[in-house]
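The data block below is start-v2.pdb; it holds PDB, C-alpha atoms.
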ATOM      1  CA  MET F   1      87.396 -39.685 124.707  1.00  0.00           C
ATOM      2  CA  PRO F   2      85.305 -37.314 126.872  1.00  0.00           C
ATOM      3  CA  ASP F   3      84.699 -40.180 129.341  1.00  0.00           C
ATOM      4  CA  PHE F   4      88.424 -40.862 129.344  1.00  0.00           C
ATOM      5  CA  LEU F   5      89.273 -37.259 130.155  1.00  0.00           C
ATOM      6  CA  ALA F   6      86.528 -37.041 132.764  1.00  0.00           C
ATOM      7  CA  ALA F   7      87.882 -40.147 134.495  1.00  0.00           C
ATOM      8  CA  PHE F   8      91.357 -38.641 134.725  1.00  0.00           C
ATOM      9  CA  ALA F   9      89.988 -35.310 135.883  1.00  0.00           C
ATOM     10  CA  SER F  10      88.010 -37.027 138.636  1.00  0.00           C
ATOM     11  CA  GLY F  11      91.117 -38.466 140.264  1.00  0.00           C
ATOM     12  CA  ASP F  12      89.165 -41.654 141.069  1.00  0.00           C
ATOM     13  CA  LYS F  13      91.656 -44.504 140.634  1.00  0.00           C
ATOM     14  CA  ASP F  14      88.973 -47.044 139.729  1.00  0.00           C
ATOM     15  CA  ARG F  15      87.505 -44.771 137.045  1.00  0.00           C
ATOM     16  CA  ILE F  16      91.002 -44.023 135.721  1.00  0.00           C
ATOM     17  CA  SER F  17      91.864 -47.726 135.540  1.00  0.00           C
ATOM     18  CA  LEU F  18      88.629 -48.492 133.709  1.00  0.00           C
ATOM     19  CA  ALA F  19      89.186 -45.582 131.312  1.00  0.00           C
ATOM     20  CA  ILE F  20      92.706 -46.809 130.539  1.00  0.00           C
ATOM     21  CA  LYS F  21      91.395 -50.326 129.952  1.00  0.00           C
ATOM     22  CA  LEU F  22      88.704 -49.096 127.548  1.00  0.00           C
ATOM     23  CA  PHE F  23      91.170 -46.791 125.775  1.00  0.00           C
ATOM     24  CA  SER F  24      93.601 -49.686 125.315  1.00  0.00           C
ATOM     25  CA  GLU F  25      90.879 -52.001 124.044  1.00  0.00           C
ATOM     26  CA  THR F  26      89.772 -49.422 121.487  1.00  0.00           C
ATOM     27  CA  ASN F  27      93.362 -48.911 120.356  1.00  0.00           C
ATOM     28  CA  ASN F  28      93.836 -52.661 120.015  1.00  0.00           C
ATOM     29  CA  GLU F  29      90.791 -52.865 117.742  1.00  0.00           C
ATOM     30  CA  ILE F  30      92.111 -50.029 115.595  1.00  0.00           C
ATOM     31  CA  PHE F  31      95.534 -51.592 115.251  1.00  0.00           C
ATOM     32  CA  HIS F  32      94.115 -54.997 114.518  1.00  0.00           C
ATOM     33  CA  GLY F  33      92.364 -53.375 111.549  1.00  0.00           C
ATOM     34  CA  LEU F  34      95.547 -51.593 110.476  1.00  0.00           C
ATOM     35  CA  TYR F  35      97.541 -54.821 110.517  1.00  0.00           C
ATOM     36  CA  GLU F  36      94.777 -56.532 108.524  1.00  0.00           C
ATOM     37  CA  ASP F  37      95.053 -53.748 105.926  1.00  0.00           C
ATOM     38  CA  LEU F  38      98.827 -54.126 105.843  1.00  0.00           C
ATOM     39  CA  ASN F  39      98.534 -57.885 105.346  1.00  0.00           C
ATOM     40  CA  ARG F  40      95.972 -57.333 102.586  1.00  0.00           C
ATOM     41  CA  LEU F  41      98.384 -54.919 100.882  1.00  0.00           C
ATOM     42  CA  LYS F  42     101.148 -57.514 101.086  1.00  0.00           C
ATOM     43  CA  ALA F  43      98.877 -60.166  99.586  1.00  0.00           C
ATOM     44  CA  GLU F  44      97.748 -57.850  96.781  1.00  0.00           C
ATOM     45  CA  THR F  45     101.304 -56.849  95.886  1.00  0.00           C
ATOM     46  CA  HIS F  46     102.484 -60.470  95.827  1.00  0.00           C
ATOM     47  CA  GLY F  47     101.202 -60.955  92.271  1.00  0.00           C
ATOM     48  CA  LEU F  48     102.785 -57.700  91.199  1.00  0.00           C
ATOM     49  CA  ARG F  49     106.112 -58.817  92.616  1.00  0.00           C
ATOM     50  CA  LEU F  50     106.082 -61.871  90.370  1.00  0.00           C
ATOM     51  CA  VAL F  51     106.344 -59.697  87.248  1.00  0.00           C
ATOM     52  CA  SER F  52     108.029 -56.572  88.575  1.00  0.00           C
ATOM     53  CA  SER F  53     111.628 -55.539  88.240  1.00  0.00           C
ATOM     54  CA  ASP F  54     114.100 -56.073  91.041  1.00  0.00           C
ATOM     55  CA  GLU F  55     114.011 -52.332  91.665  1.00  0.00           C
ATOM     56  CA  LEU F  56     110.228 -52.256  92.133  1.00  0.00           C
ATOM     57  CA  ASP F  57     110.366 -55.373  94.285  1.00  0.00           C
ATOM     58  CA  SER F  58     112.955 -53.667  96.478  1.00  0.00           C
ATOM     59  CA  LEU F  59     110.802 -50.533  96.730  1.00  0.00           C
ATOM     60  CA  LEU F  60     107.772 -52.629  97.705  1.00  0.00           C
ATOM     61  CA  ASN F  61     109.866 -54.263 100.438  1.00  0.00           C
ATOM     62  CA  GLU F  62     110.872 -50.808 101.626  1.00  0.00           C
ATOM     63  CA  LEU F  63     107.224 -49.676 101.575  1.00  0.00           C
ATOM     64  CA  ASP F  64     106.216 -52.683 103.696  1.00  0.00           C
ATOM     65  CA  ALA F  65     108.959 -51.872 106.185  1.00  0.00           C
ATOM     66  CA  VAL F  66     108.154 -48.157 106.533  1.00  0.00           C
ATOM     67  CA  MET F  67     104.421 -48.845 106.805  1.00  0.00           C
ATOM     68  CA  THR F  68     105.015 -51.407 109.549  1.00  0.00           C
ATOM     69  CA  ASN F  69     107.297 -48.965 111.334  1.00  0.00           C
ATOM     70  CA  SER F  70     104.716 -46.188 111.049  1.00  0.00           C
ATOM     71  CA  ILE F  71     102.000 -48.387 112.534  1.00  0.00           C
ATOM     72  CA  ASN F  72     104.344 -49.397 115.354  1.00  0.00           C
ATOM     73  CA  CYS F  73     105.249 -45.758 116.104  1.00  0.00           C
ATOM     74  CA  THR F  74     101.581 -44.828 116.248  1.00  0.00           C
ATOM     75  CA  SER F  75     100.837 -47.789 118.477  1.00  0.00           C
ATOM     76  CA  GLU F  76     103.621 -46.796 120.879  1.00  0.00           C
ATOM     77  CA  MET F  77     102.296 -43.254 121.043  1.00  0.00           C
ATOM     78  CA  LEU F  78      98.751 -44.348 121.779  1.00  0.00           C
ATOM     79  CA  GLN F  79      99.936 -46.814 124.397  1.00  0.00           C
ATOM     80  CA  PHE F  80     101.863 -44.020 126.083  1.00  0.00           C
ATOM     81  CA  MET F  81      98.758 -41.827 125.993  1.00  0.00           C
ATOM     82  CA  SER F  82      96.955 -44.368 128.153  1.00  0.00           C
ATOM     83  CA  LYS F  83      99.493 -43.945 130.959  1.00  0.00           C
ATOM     84  CA  PRO F  84      99.057 -41.549 133.867  1.00  0.00           C
ATOM     85  CA  GLU F  85     102.462 -39.982 133.132  1.00  0.00           C
ATOM     86  CA  PHE F  86     101.064 -38.574 129.904  1.00  0.00           C
ATOM     87  CA  TRP F  87      98.075 -37.036 131.649  1.00  0.00           C
ATOM     88  CA  GLN F  88     100.338 -35.427 134.209  1.00  0.00           C
ATOM     89  CA  ASP F  89     102.607 -33.904 131.541  1.00  0.00           C
ATOM     90  CA  GLN F  90     101.482 -33.907 127.902  1.00  0.00           C
ATOM     91  CA  LYS F  91     104.881 -32.582 126.802  1.00  0.00           C
ATOM     92  CA  LEU F  92     106.179 -36.114 127.303  1.00  0.00           C
ATOM     93  CA  LEU F  93     104.269 -37.041 124.153  1.00  0.00           C
ATOM     94  CA  ASN F  94     106.476 -34.870 121.915  1.00  0.00           C
ATOM     95  CA  PRO F  95     109.101 -37.536 121.062  1.00  0.00           C
ATOM     96  CA  TYR F  96     106.346 -40.016 120.198  1.00  0.00           C
ATOM     97  CA  GLN F  97     104.586 -37.459 118.036  1.00  0.00           C
ATOM     98  CA  GLU F  98     107.832 -36.606 116.246  1.00  0.00           C
ATOM     99  CA  ASN F  99     108.404 -40.312 115.508  1.00  0.00           C
ATOM    100  CA  VAL F 100     104.887 -40.677 114.124  1.00  0.00           C
ATOM    101  CA  GLU F 101     105.287 -37.609 111.917  1.00  0.00           C
ATOM    102  CA  ARG F 102     108.713 -38.757 110.670  1.00  0.00           C
ATOM    103  CA  SER F 103     107.445 -42.253 109.908  1.00  0.00           C
ATOM    104  CA  ALA F 104     104.428 -40.858 108.026  1.00  0.00           C
ATOM    105  CA  ARG F 105     106.749 -38.732 105.877  1.00  0.00           C
ATOM    106  CA  GLU F 106     108.830 -41.843 105.150  1.00  0.00           C
ATOM    107  CA  VAL F 107     105.714 -43.728 104.034  1.00  0.00           C
ATOM    108  CA  GLU F 108     104.730 -40.845 101.729  1.00  0.00           C
ATOM    109  CA  LEU F 109     108.222 -40.671 100.240  1.00  0.00           C
ATOM    110  CA  VAL F 110     108.540 -44.398  99.573  1.00  0.00           C
ATOM    111  CA  HIS F 111     104.971 -44.562  98.262  1.00  0.00           C
ATOM    112  CA  SER F 112     105.804 -41.796  95.804  1.00  0.00           C
ATOM    113  CA  ARG F 113     108.908 -43.684  94.670  1.00  0.00           C
ATOM    114  CA  VAL F 114     106.867 -46.876  94.183  1.00  0.00           C
ATOM    115  CA  LYS F 115     104.300 -45.040  92.037  1.00  0.00           C
ATOM    116  CA  LYS F 116     107.045 -43.414  89.967  1.00  0.00           C
ATOM    117  CA  GLN F 117     108.762 -46.752  89.368  1.00  0.00           C
ATOM    118  CA  MET F 118     105.459 -48.460  88.498  1.00  0.00           C
ATOM    119  CA  LYS F 119     104.654 -45.739  85.948  1.00  0.00           C
ATOM    120  CA  ALA F 120     108.128 -46.081  84.428  1.00  0.00           C
ATOM    121  CA  GLU F 121     107.738 -49.843  84.121  1.00  0.00           C
ATOM    122  CA  LEU F 122     104.252 -49.530  82.630  1.00  0.00           C
ATOM    123  CA  ASP F 123     105.578 -47.062  80.066  1.00  0.00           C
ATOM    124  CA  GLU F 124     108.085 -49.712  78.959  1.00  0.00           C
ATOM    125  CA  ILE F 125     105.322 -52.207  78.182  1.00  0.00           C
TER     126      ILE F 125
END
As structure tokens, how would this structure be written, given the file I've shared?
Amino acid sequence: MPDFLAAFASGDKDRISLAIKLFSETNNEIFHGLYEDLNRLKAETHGLRLVSSDELDSLLNELDAVMTNSINCTSEMLQFMSKPEFWQDQKLLNPYQENVERSAREVELVHSRVKKQMKAELDEI
């Protein structure tokens, strides 16, 4: 990140372009890992879905959706951060940041509901 900031501070268009390229490549690696984790979660919950109630299955679907949305919101924010417009006015990031924060709260809420439902179903066994 210091190299990225230094490139933008230099005003050298070639350095800025290279910094953006490296920033984007790093972000792509991070998000590739996040999507792998999401796919692993889906695979691990598949077996659970076979024996779960319709309510838990629905909550797991909702959890998948909010997690995917949260990853997408974060990806959009980081992509925007690699644009010169962001470095000229960081206030432009606020809507992206608000979306990321909202989506993270949604993940926490649905995750909590999934745990609660799982505990209730385990208590019935």
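Near segment 69-73 of chain F, within 9 Å and counting only C-alpha atoms, sit Phe31, Leu34, Tyr35, Asp64, Leu78, Tyr96, Gln97, Asn99, Val100, Glu101, Arg102, Ser103, Ala104, Glu106 and Val107 of chain F, not including residues fewer than 5 positions from it in the same chain.
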statement: One residue among F:Ser82, F:Gln117, F:Ser75, F:Thr68 is nearest to Asn28 of chain F when using all atoms listed in the file, and that residue is F:Ser75
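Between atom CA of Arg15 of chain F and atom CA of Thr74 of chain F the separation is 25.1 Å.
Contact shell of Phe8 of chain F at 12 Å (all atoms listed in the file; same-chain neighbours under 3 positions omitted): Met1, Pro2, Asp3, Phe4, Leu5, Gly11, Asp12, Lys13, Asp14, Arg15, Ile16, Ser17, Leu18, Ala19, Ile20, Met81, Ser82, Lys83, Pro84, Glu85, Phe86, Trp87 and Gln88 of chain F.
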- prompt: On this structure, which residues satisfy the PyMOL selection byres ((chain F and resi 113) around 12), written as a list of chain:residue names?
  reply: F:Glu55, F:Leu56, F:Asp57, F:Ser58, F:Leu59, F:Leu60, F:Glu62, F:Leu63, F:Glu106, F:Val107, F:Glu108, F:Leu109, F:Val110, F:His111, F:Ser112, F:Val114, F:Lys115, F:Lys116, F:Gln117, F:Met118, F:Lys119, F:Ala120
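If you measure from each of F:Ser53, F:Asn39, F:Gln79, F:Ser10 to Ser24 of chain F using only C-alpha atoms, the closest one turns out to be F:Gln79.
Here atom CA of Asn94 of chain F stands at a distance of 12.3 Å from atom CA of Glu76 of chain F.
Of the listed residues F:Asn61, F:Lys21, F:Asn27, F:Val66, the one whose atoms come nearest to Lys42 of chain F is F:Asn61, with distances taken using all atoms listed in the file.
Counting from atom CA of Ile30 of chain F, the distance to atom CA of Ala65 of chain F is 19.4 Å.
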- prompt: With only C-alpha atoms as the atoms that count, which of F:Ala9, F:His46, F:Arg105, F:Phe23 lies nearest to Phe80 of chain F?
  reply: F:Phe23
